Every structure is written in structure tokens, then in C-alpha cells.
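Below is the file data09.cif, which contains mmCIF, C-alpha atoms and all ligand atoms.
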data_model
#
loop_
_atom_site.label_atom_id
_atom_site.label_comp_id
_atom_site.auth_asym_id
_atom_site.auth_seq_id
_atom_site.Cartn_x
_atom_site.Cartn_y
_atom_site.Cartn_z
CA MET A 1 13.30 16.57 -7.04
CA SER A 2 14.72 17.49 -3.66
CA ASP A 3 11.33 18.77 -2.59
CA CYS A 4 9.82 15.38 -2.08
CA ASP A 5 12.34 14.51 0.59
CA THR A 6 11.75 17.58 2.73
CA ALA A 7 8.02 16.93 2.52
CA ALA A 8 8.54 13.37 3.69
CA VAL A 9 10.65 14.52 6.61
CA ARG A 10 8.27 17.28 7.55
CA ASN A 11 5.34 14.91 7.58
CA ASN A 12 6.95 12.92 10.32
CA ASN A 13 7.21 15.81 12.72
CA PRO A 14 3.62 16.28 13.91
CA ALA A 15 3.46 12.64 14.98
CA THR A 16 6.55 12.92 17.13
CA ASN A 17 5.50 16.24 18.62
CA SER A 18 2.09 15.00 19.66
CA HIS A 19 3.66 12.50 22.04
CA ARG A 20 4.62 15.05 24.68
CA VAL A 21 2.36 13.85 27.44
CA PRO A 22 3.28 13.22 31.08
CA LEU A 23 4.64 9.74 31.48
CA ASP A 24 2.74 7.69 33.99
CA CYS A 25 2.05 4.75 31.77
CA CYS A 26 5.31 2.93 31.63
CA GLY A 27 6.18 1.99 35.18
CA GLY A 28 5.89 -1.70 34.43
CA LEU A 29 8.25 -1.38 31.53
CA ASN A 30 11.24 -0.01 33.42
CA ASN A 31 9.85 3.46 32.77
CA VAL A 32 10.94 3.32 29.17
CA ASP A 33 10.02 6.58 27.51
CA TYR A 34 8.54 5.36 24.27
CA SER A 35 7.95 8.87 22.99
CA LYS A 36 11.69 9.49 23.16
CA MET A 37 12.29 6.12 21.55
CA ASP A 38 10.00 7.14 18.69
CA LEU A 39 11.89 10.37 18.35
CA THR A 40 15.26 8.69 18.23
CA LEU A 41 13.94 6.11 15.79
CA MET A 42 12.85 8.96 13.51
CA GLU A 43 16.18 10.70 13.91
CA GLU A 44 18.08 7.49 13.33
CA LEU A 45 16.01 6.83 10.21
CA ARG A 46 16.72 10.32 8.98
CA LYS A 47 20.43 9.76 9.48
CA HIS A 48 20.38 6.47 7.63
CA VAL A 49 18.21 7.44 4.67
CA ASP A 50 19.33 9.71 1.87
CA PHE A 51 16.13 11.54 0.93
CA ARG A 52 17.92 13.37 -1.86
CA ASP A 53 18.88 10.21 -3.69
CA SER A 54 17.24 10.11 -7.12
CA SER A 55 16.33 6.41 -6.83
CA PHE A 56 14.44 7.22 -3.61
CA CYS A 57 12.53 10.03 -5.33
CA ILE A 58 11.69 7.82 -8.31
CA ALA A 59 10.34 5.13 -5.96
CA VAL A 60 8.21 7.71 -4.12
CA ILE A 61 6.79 8.96 -7.41
CA ALA A 62 6.02 5.40 -8.56
CA ILE A 63 4.30 4.63 -5.24
CA VAL A 64 2.15 7.76 -5.30
CA PHE A 65 1.44 7.62 -9.03
CA ASN A 66 -0.01 4.09 -9.20
CA PRO A 67 -3.18 4.42 -7.10
CA LEU A 68 -3.66 7.94 -8.47
CA PHE A 69 -3.48 6.59 -12.03
CA TRP A 70 -5.94 3.74 -11.57
CA ASN A 71 -8.45 5.85 -9.68
CA VAL A 72 -8.40 8.67 -12.22
CA VAL A 73 -8.59 6.33 -15.23
CA ALA A 74 -11.30 4.11 -13.72
CA ARG A 75 -13.49 7.08 -12.79
CA TRP A 76 -13.04 8.53 -16.25
CA GLU A 77 -14.13 5.20 -17.72
CA HIS A 78 -17.12 5.06 -15.37
CA ARG A 79 -18.17 8.54 -16.42
CA THR A 80 -17.54 8.35 -20.17
CA ARG A 81 -17.16 4.62 -21.08
CA THR A 82 -14.30 5.68 -23.34
CA ILE A 83 -12.05 2.64 -22.78
CA SER A 84 -14.94 0.20 -23.21
CA ARG A 85 -15.89 1.86 -26.48
CA PHE A 86 -12.31 1.82 -27.68
CA PHE A 87 -11.90 -1.91 -26.99
CA GLY A 88 -15.39 -2.82 -28.12
CA GLY A 89 -16.56 -4.06 -24.72
CA PRO A 90 -16.05 -3.68 -20.97
CA HIS A 91 -14.36 -7.05 -20.41
CA LEU A 92 -11.48 -6.55 -22.83
CA ALA A 93 -11.15 -2.93 -21.65
CA CYS A 94 -10.92 -4.05 -18.02
CA TYR A 95 -8.34 -6.73 -18.87
CA CYS A 96 -6.20 -4.15 -20.67
CA LEU A 97 -6.34 -1.65 -17.81
CA GLY A 98 -5.60 -4.50 -15.40
CA PHE A 99 -2.57 -5.44 -17.46
CA VAL A 100 -1.28 -1.85 -17.36
CA ILE A 101 -1.83 -1.74 -13.57
CA VAL A 102 0.13 -4.97 -13.16
CA LEU A 103 3.00 -3.52 -15.20
CA LEU A 104 2.96 -0.32 -13.14
CA ASN A 105 3.06 -2.36 -9.94
CA VAL A 106 5.98 -4.41 -11.24
CA TYR A 107 7.77 -1.15 -11.99
CA ARG A 108 6.95 0.17 -8.51
CA SER A 109 8.43 -2.94 -6.88
CA HIS A 110 11.46 -2.65 -9.13
CA SER A 111 12.02 1.01 -8.22
CA VAL A 112 11.74 0.20 -4.51
CA THR A 113 14.32 -2.58 -4.90
CA VAL A 114 16.65 -0.22 -6.78
CA ALA A 115 16.32 2.42 -4.04
CA MET A 116 17.03 -0.19 -1.36
CA LYS A 117 20.12 -1.41 -3.19
CA ALA A 118 21.36 2.15 -3.78
CA GLN A 119 21.33 2.94 -0.06
CA ALA A 120 23.16 1.52 2.90
CA ARG A 121 21.91 -1.30 5.10
CA TRP A 122 21.34 -0.48 8.75
CA ASP A 123 23.29 -2.62 11.19
CA VAL A 124 20.60 -2.62 13.91
CA MET A 125 18.32 -4.35 11.38
CA ASP A 126 20.95 -6.94 10.55
CA GLY A 127 19.88 -9.94 12.56
CA THR A 128 18.30 -13.33 12.04
CA GLY A 129 15.22 -12.30 14.03
CA VAL A 130 14.56 -9.33 11.77
CA PHE A 131 15.34 -11.42 8.69
CA TYR A 132 12.85 -14.17 9.56
CA THR A 133 10.20 -11.63 10.56
CA GLY A 134 10.65 -10.22 7.06
CA VAL A 135 10.28 -13.68 5.51
CA ALA A 136 7.12 -14.32 7.57
CA LEU A 137 5.66 -10.96 6.49
CA MET A 138 6.32 -11.75 2.84
CA VAL A 139 4.66 -15.15 3.17
CA LEU A 140 1.66 -13.53 4.88
CA GLY A 141 1.52 -10.71 2.34
CA THR A 142 1.68 -13.06 -0.63
CA LEU A 143 -0.99 -15.26 0.95
CA LEU A 144 -3.29 -12.24 1.34
CA VAL A 145 -2.67 -10.93 -2.18
CA VAL A 146 -3.02 -14.29 -3.93
CA SER A 147 -6.07 -15.42 -1.95
CA SER A 148 -7.90 -12.14 -2.53
CA PHE A 149 -7.12 -12.34 -6.24
CA LEU A 150 -8.54 -15.87 -6.32
CA ALA A 151 -11.62 -14.76 -4.39
CA LEU A 152 -12.29 -11.70 -6.57
CA GLY A 153 -11.15 -12.92 -9.99
CA PHE A 154 -9.40 -10.67 -12.51
CA THR A 155 -12.20 -8.18 -13.15
CA GLY A 156 -13.11 -8.05 -9.46
CA THR A 157 -9.51 -7.26 -8.55
CA PHE A 158 -8.87 -4.75 -11.32
CA LEU A 159 -11.71 -2.27 -10.96
CA GLY A 160 -14.28 -4.22 -12.98
CA ASP A 161 -17.10 -2.45 -11.14
CA TYR A 162 -16.05 0.83 -12.76
CA PHE A 163 -16.56 -0.89 -16.14
CA GLY A 164 -20.03 -2.03 -15.16
CA ILE A 165 -18.84 -5.59 -14.44
CA LEU A 166 -20.34 -6.03 -11.00
CA MET A 167 -19.93 -8.99 -8.65
CA ASP A 168 -23.12 -10.87 -7.76
CA GLU A 169 -22.54 -10.22 -4.10
CA LYS A 170 -19.92 -8.86 -1.78
CA VAL A 171 -17.11 -11.35 -1.22
CA SER A 172 -16.96 -12.05 2.50
CA GLY A 173 -14.97 -15.30 2.74
CA PHE A 174 -11.26 -15.63 3.36
CA PRO A 175 -9.25 -13.36 3.27
CA PHE A 176 -11.99 -10.73 3.44
CA ASN A 177 -13.08 -12.01 6.84
CA ILE A 178 -9.66 -11.02 8.22
CA THR A 179 -9.25 -7.54 6.80
CA GLU A 180 -11.48 -5.46 4.58
CA ASN A 181 -8.71 -4.72 2.09
CA PRO A 182 -6.45 -7.77 2.05
CA MET A 183 -4.93 -6.83 -1.32
CA TYR A 184 -3.58 -3.51 -0.07
CA TRP A 185 -2.45 -4.66 3.35
CA GLY A 186 -0.93 -7.80 1.84
CA SER A 187 1.03 -5.67 -0.59
CA THR A 188 2.15 -3.38 2.25
CA ALA A 189 3.26 -6.44 4.26
CA ASN A 190 5.31 -7.56 1.27
CA TYR A 191 7.15 -4.24 1.12
CA LEU A 192 7.75 -4.26 4.88
CA GLY A 193 9.05 -7.83 4.60
CA LEU A 194 11.34 -6.82 1.76
CA ALA A 195 12.70 -3.90 3.82
CA LEU A 196 13.36 -6.15 6.85
CA ILE A 197 15.02 -8.86 4.78
CA GLY A 198 17.27 -6.25 3.17
CA ALA A 199 17.90 -4.51 6.55
CA SER A 200 17.01 -1.39 4.62
CA PRO A 201 16.06 1.84 6.38
CA VAL A 202 14.99 3.40 3.08
CA GLY A 203 12.80 0.32 2.58
CA LEU A 204 11.01 1.14 5.86
CA VAL A 205 10.38 4.71 4.76
CA LEU A 206 9.07 3.58 1.36
CA THR A 207 6.81 1.01 3.05
CA ALA A 208 5.30 3.79 5.16
CA ILE A 209 4.66 5.80 2.00
CA VAL A 210 3.01 2.76 0.37
CA ALA A 211 0.72 2.41 3.39
CA VAL A 212 -0.24 6.10 3.30
CA ALA A 213 -0.84 5.97 -0.48
CA TYR A 214 -3.18 2.99 -0.04
CA LYS A 215 -4.95 4.64 2.88
CA VAL A 216 -5.63 7.72 0.78
CA ALA A 217 -6.72 5.59 -2.20
CA LEU A 218 -9.20 3.70 0.00
CA ARG A 219 -10.77 6.98 1.08
CA PHE A 220 -11.72 7.49 -2.56
CA GLU A 221 -12.39 3.92 -3.63
CA GLY A 222 -14.53 2.76 -0.74
CA PRO A 223 -17.40 5.27 -1.06
CA PHE A 224 -17.30 5.14 -4.86
CA THR A 225 -17.63 1.35 -5.03
CA GLU A 226 -20.47 1.50 -2.52
CA GLN A 227 -22.22 4.08 -4.67
CA ILE A 228 -21.89 1.90 -7.79
CA TYR A 229 -23.51 -1.06 -6.04
CA GLN A 230 -26.21 1.16 -4.52
CA GLU A 231 -27.09 2.42 -7.99
CA ARG A 232 -27.50 -1.15 -9.16
CA SER A 233 -29.73 -2.16 -6.28
CA GLN A 234 -31.88 0.91 -6.88
CA ARG A 235 -32.15 0.08 -10.57
CA SER A 236 -33.19 -3.50 -9.90
CA LYS A 237 -35.99 -2.43 -7.56
C1 LIG B 301 -12.12 -16.82 7.63
O1 LIG B 301 -12.59 -17.83 6.75
C2 LIG B 301 -11.77 -18.99 6.71
C3 LIG B 301 -12.29 -19.89 5.61
O2 LIG B 301 -13.65 -19.88 5.47
C4 LIG B 301 -11.79 -19.65 8.10
O3 LIG B 301 -10.99 -20.82 8.09
C5 LIG B 301 -11.25 -18.66 9.11
O4 LIG B 301 -11.32 -19.20 10.39
C6 LIG B 301 -12.03 -17.36 9.06
N1 LIG B 301 -11.35 -16.39 9.91
C7 LIG B 301 -12.02 -15.58 10.72
C8 LIG B 301 -11.19 -14.63 11.53
O5 LIG B 301 -13.24 -15.56 10.81
#
Please render this file's structure as C-alpha cells.
Amino acid sequence: MSDCDTAAVRNNNPATNSHRVPLDCCGGLNNVDYSKMDLTLMEELRKHVDFRDSSFCIAVIAIVFNPLFWNVVARWEHRTRTISRFFGGPHLACYCLGFVIVLLNVYRSHSVTVAMKAQARWDVMDGTGVFYTGVALMVLGTLLVVSSFLALGFTGTFLGDYFGILMDEKVSGFPFNITENPMYWGSTANYLGLALIGASPVGLVLTAIVAVAYKVALRFEGPFTEQIYQERSQRSK
């Protein structure tokens, strides 16, 4: 278990090291050395987060497991049609997988909340400004998640294309005209908001891990979805 914390800490180091460039950028800002600020922020975070705490490790596993699970299962379905055959059709199969994904996401949010409650608040984050920024982020995040769900529908949101349930055309209206992946960035904004509202340093670290997990998932999902739609357009020619 204690391995996941050292990995998380180690991953932060290259970013901080790469900032060692001569400072001639910050004259207008009282010559504030932002690279040093970054470094102290990292060190402060490290001091305020217990990476060995089991609730932290469980939350990390839940965060990493979810996108891994739905990508592996959806690709397996796309290759073999096993789930569709089991449920007697792609629609019911997709609804069932969607339901499991929702449950997993509820568990992920729960485990993040447990980890935040298990660890100390951070006094520098304890302020009304931070609190209301958190509230605003949660409103924005919920808006993005709900509006993209309404735009995509259930099967569009929950990997329907892997089941052969394709959308007629790419959804390009709100919120997809703001960001390409409003569901993921909305969800990330929700976690960041939660961390700010709870003045929780461990919440910040877990939010960063959520963002990285989504970024990695998108690397796999983007090209695959494109390929599925390309196959259809080739077939219809
Ligand atoms: C996105 O679409 C919505 C609704 O159609 C519109 O109100 C909004 O201005 C658009 N935003 C951008 C950045 O194009």
C-alpha cells in the first residue's frame, strides 16, 4: 500500500525541477520567484498530506480503477459483443454497464470524501474566498456534467458507441462548444471545488490524480471513438 504514496510524491519532482530557468520574467510582479513558490507549495502539500493513510490509498485506487475498468470492459464488448449477447441486445447491455459505472463513480466520490475527512484541513485554505471559489467550481462542474449528459443521452454518455449504438452526428452544441470533454473536466472541477470547500490538502492531491487519470483515459478513448465512427462512414459509402 505504501508504494502508491511514494510514486505520487516522486511524480511531482520532475515538474518542480524543470523550473530552474533564469528569472527575467517577473520584474513587474515584485520579482516574485514563482518557481520557488511552486516548490514551497509542493513541500507544504507534502507536509500536510499523509500519503500513507489507507483512506488516501483507497481513494487513489478508486480514481485510477474507474476509467481503466470502463475502457477495458467497453473494448472487450466492442471486440467480442459478449455483454450484448448476455443481455440479449446492445441497449440493455449498455444501460447495465452504465449503471455499474455510475455506482463506481459514486464509490469514488465517497472514497475521496472519506480521505478528506480522515486528514487535517489546511489553515491557509480556510477562508471565505477559497470557500466561494469552491462553491463556484462545483456549480460550474455540475453544469458541465449535467448539460453534457442531456446533450449526449444515456447511451451517448456511457460508451454506447462501443456497443454499436452510434450517434447520428457529433454533438457540437453547448457544452461541447466550450470544451471537448465537458464531462471529464466538469467532474474534475467538482472534485477541486470539494477540496476547496473542505480546505483539504489531500483533496487537492486527489483532484490532480483525477485530472491525470482522465487525461490518460482520453488518450485511449479519443482515437478509438474516432475509429468507430470512421468504420461506419466507410461502411455506408
Ligand atoms: C455555446 O453554445 C451556447 C448555446 O448554443 C451559446 O449560448 C454559447 O454562446 C456558445 N459558446 C461559445 C463559446 O461558442
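The space separating atom CA of Leu194 of chain A from atom O2 of ligand LIG 301 (chain B) comes to 28.4 Å.
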Residues within 12 Å of Asn105 of chain A, please, as a CSV table (one decimal) with C-alpha atoms, keeping the file's coordinate frame. Count all atoms listed in the file; anything in the same chain fewer than 2 positions from it doesn't count.
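Final file, out.csv:
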chain,number,residue,atom,x,y,z
A,59,ALA,CA,10.3,5.1,-6.0
A,62,ALA,CA,6.0,5.4,-8.6
A,63,ILE,CA,4.3,4.6,-5.2
A,64,VAL,CA,2.2,7.8,-5.3
A,65,PHE,CA,1.4,7.6,-9.0
A,66,ASN,CA,0.0,4.1,-9.2
A,67,PRO,CA,-3.2,4.4,-7.1
A,69,PHE,CA,-3.5,6.6,-12.0
A,70,TRP,CA,-5.9,3.7,-11.6
A,98,GLY,CA,-5.6,-4.5,-15.4
A,99,PHE,CA,-2.6,-5.4,-17.5
A,100,VAL,CA,-1.3,-1.8,-17.4
A,101,ILE,CA,-1.8,-1.7,-13.6
A,102,VAL,CA,0.1,-5.0,-13.2
A,103,LEU,CA,3.0,-3.5,-15.2
A,107,TYR,CA,7.8,-1.2,-12.0
A,108,ARG,CA,7.0,0.2,-8.5
A,109,SER,CA,8.4,-2.9,-6.9
A,110,HIS,CA,11.5,-2.6,-9.1
A,111,SER,CA,12.0,1.0,-8.2
A,112,VAL,CA,11.7,0.2,-4.5
A,184,TYR,CA,-3.6,-3.5,-0.1
A,187,SER,CA,1.0,-5.7,-0.6
A,191,TYR,CA,7.2,-4.2,1.1
A,210,VAL,CA,3.0,2.8,0.4
Please extract the residues at most 8 Å from ligand LIG 301 (chain B), counting all atoms listed in the file, and provide them as a list in words, using the chain letters and residue numbers of this document. Gly173, Phe174, Pro175, Phe176, Asn177 and Ile178 of chain A
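With all atoms listed in the file as the basis for measurement, A:Phe56 is the residue among A:Thr157, A:Asp50, A:Glu180, A:Phe56 that approaches Ile209 of chain A most closely.
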Distance cut-off 12 Å, centre (-14.8, 1.6, -1.1) in file coordinates, counting all atoms listed in the file: which residues qualify? Return them as a PyMOL selection string. chain A and resi 71+159+161-162+170+180-181+214-230
Give me, please, the distance in Å between atom CA of Ser236 of chain A and atom CA of Met167 of chain A, quoted to one decimal.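 One can read the atom CA of Ser236 of chain A to atom CA of Met167 of chain A distance as 14.4 Å.
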Calculate how many Å separate atom CA of His48 of chain A from atom CA of Trp185 of chain A, rounding to one decimal. 25.8 Å
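Comparing A:Gly164, A:Ala120, A:Thr128, A:Val72 by their smallest distance to Ser200 of chain A, the closest is A:Ala120 (using all atoms listed in the file).
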For Met116 of chain A, which residue out of A:Leu39, A:Ile197, A:Leu97, A:Met183 is the nearest one, using only C-alpha atoms?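 Counting only C-alpha atoms, the residue closest to Met116 of chain A is A:Ile197.
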Ranking A:Met42, A:Cys94, A:Val130, A:Leu144 by minimum distance to Leu166 of chain A and counting all atoms listed in the file, which one comes first? A:Cys94
So which residues touch segment 79-92 of chain A within 6 Å, counting only C-alpha atoms, skipping near sequence neighbours fewer than 3 positions away, as a PyMOL selection string? chain A and resi 76+95+163
Around the point (-14.4, -8.3, -10.0), in the coordinates given by the file, pick out the residues reaching within 6 Å, counting only C-alpha atoms, and return them as a list in words. Leu152, Gly153, Thr155, Gly156, Thr157, Gly160 and Met167 of chain A
Spatial neighbours of Thr133 of chain A, max dist 9 Å, all atoms listed in the file, sep filter under 4 positions, as a ChimeraX atom specification: /A:128-129,137-138,193,196-197
Of the residues A:Cys96, A:Val73, A:Ala208, A:Ile58, which is the one nearest to Ala195 of chain A, using all atoms listed in the file?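 Ranked by minimum distance to Ala195 of chain A, first place goes to A:Ala208.
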Nearest to Leu45 of chain A among A:Ser172, A:Met125, A:Leu150, A:Val212, with distances taken over all atoms listed in the file: which residue is it?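 Among A:Ser172, A:Met125, A:Leu150, A:Val212, it is A:Met125 that comes nearest to Leu45 of chain A.
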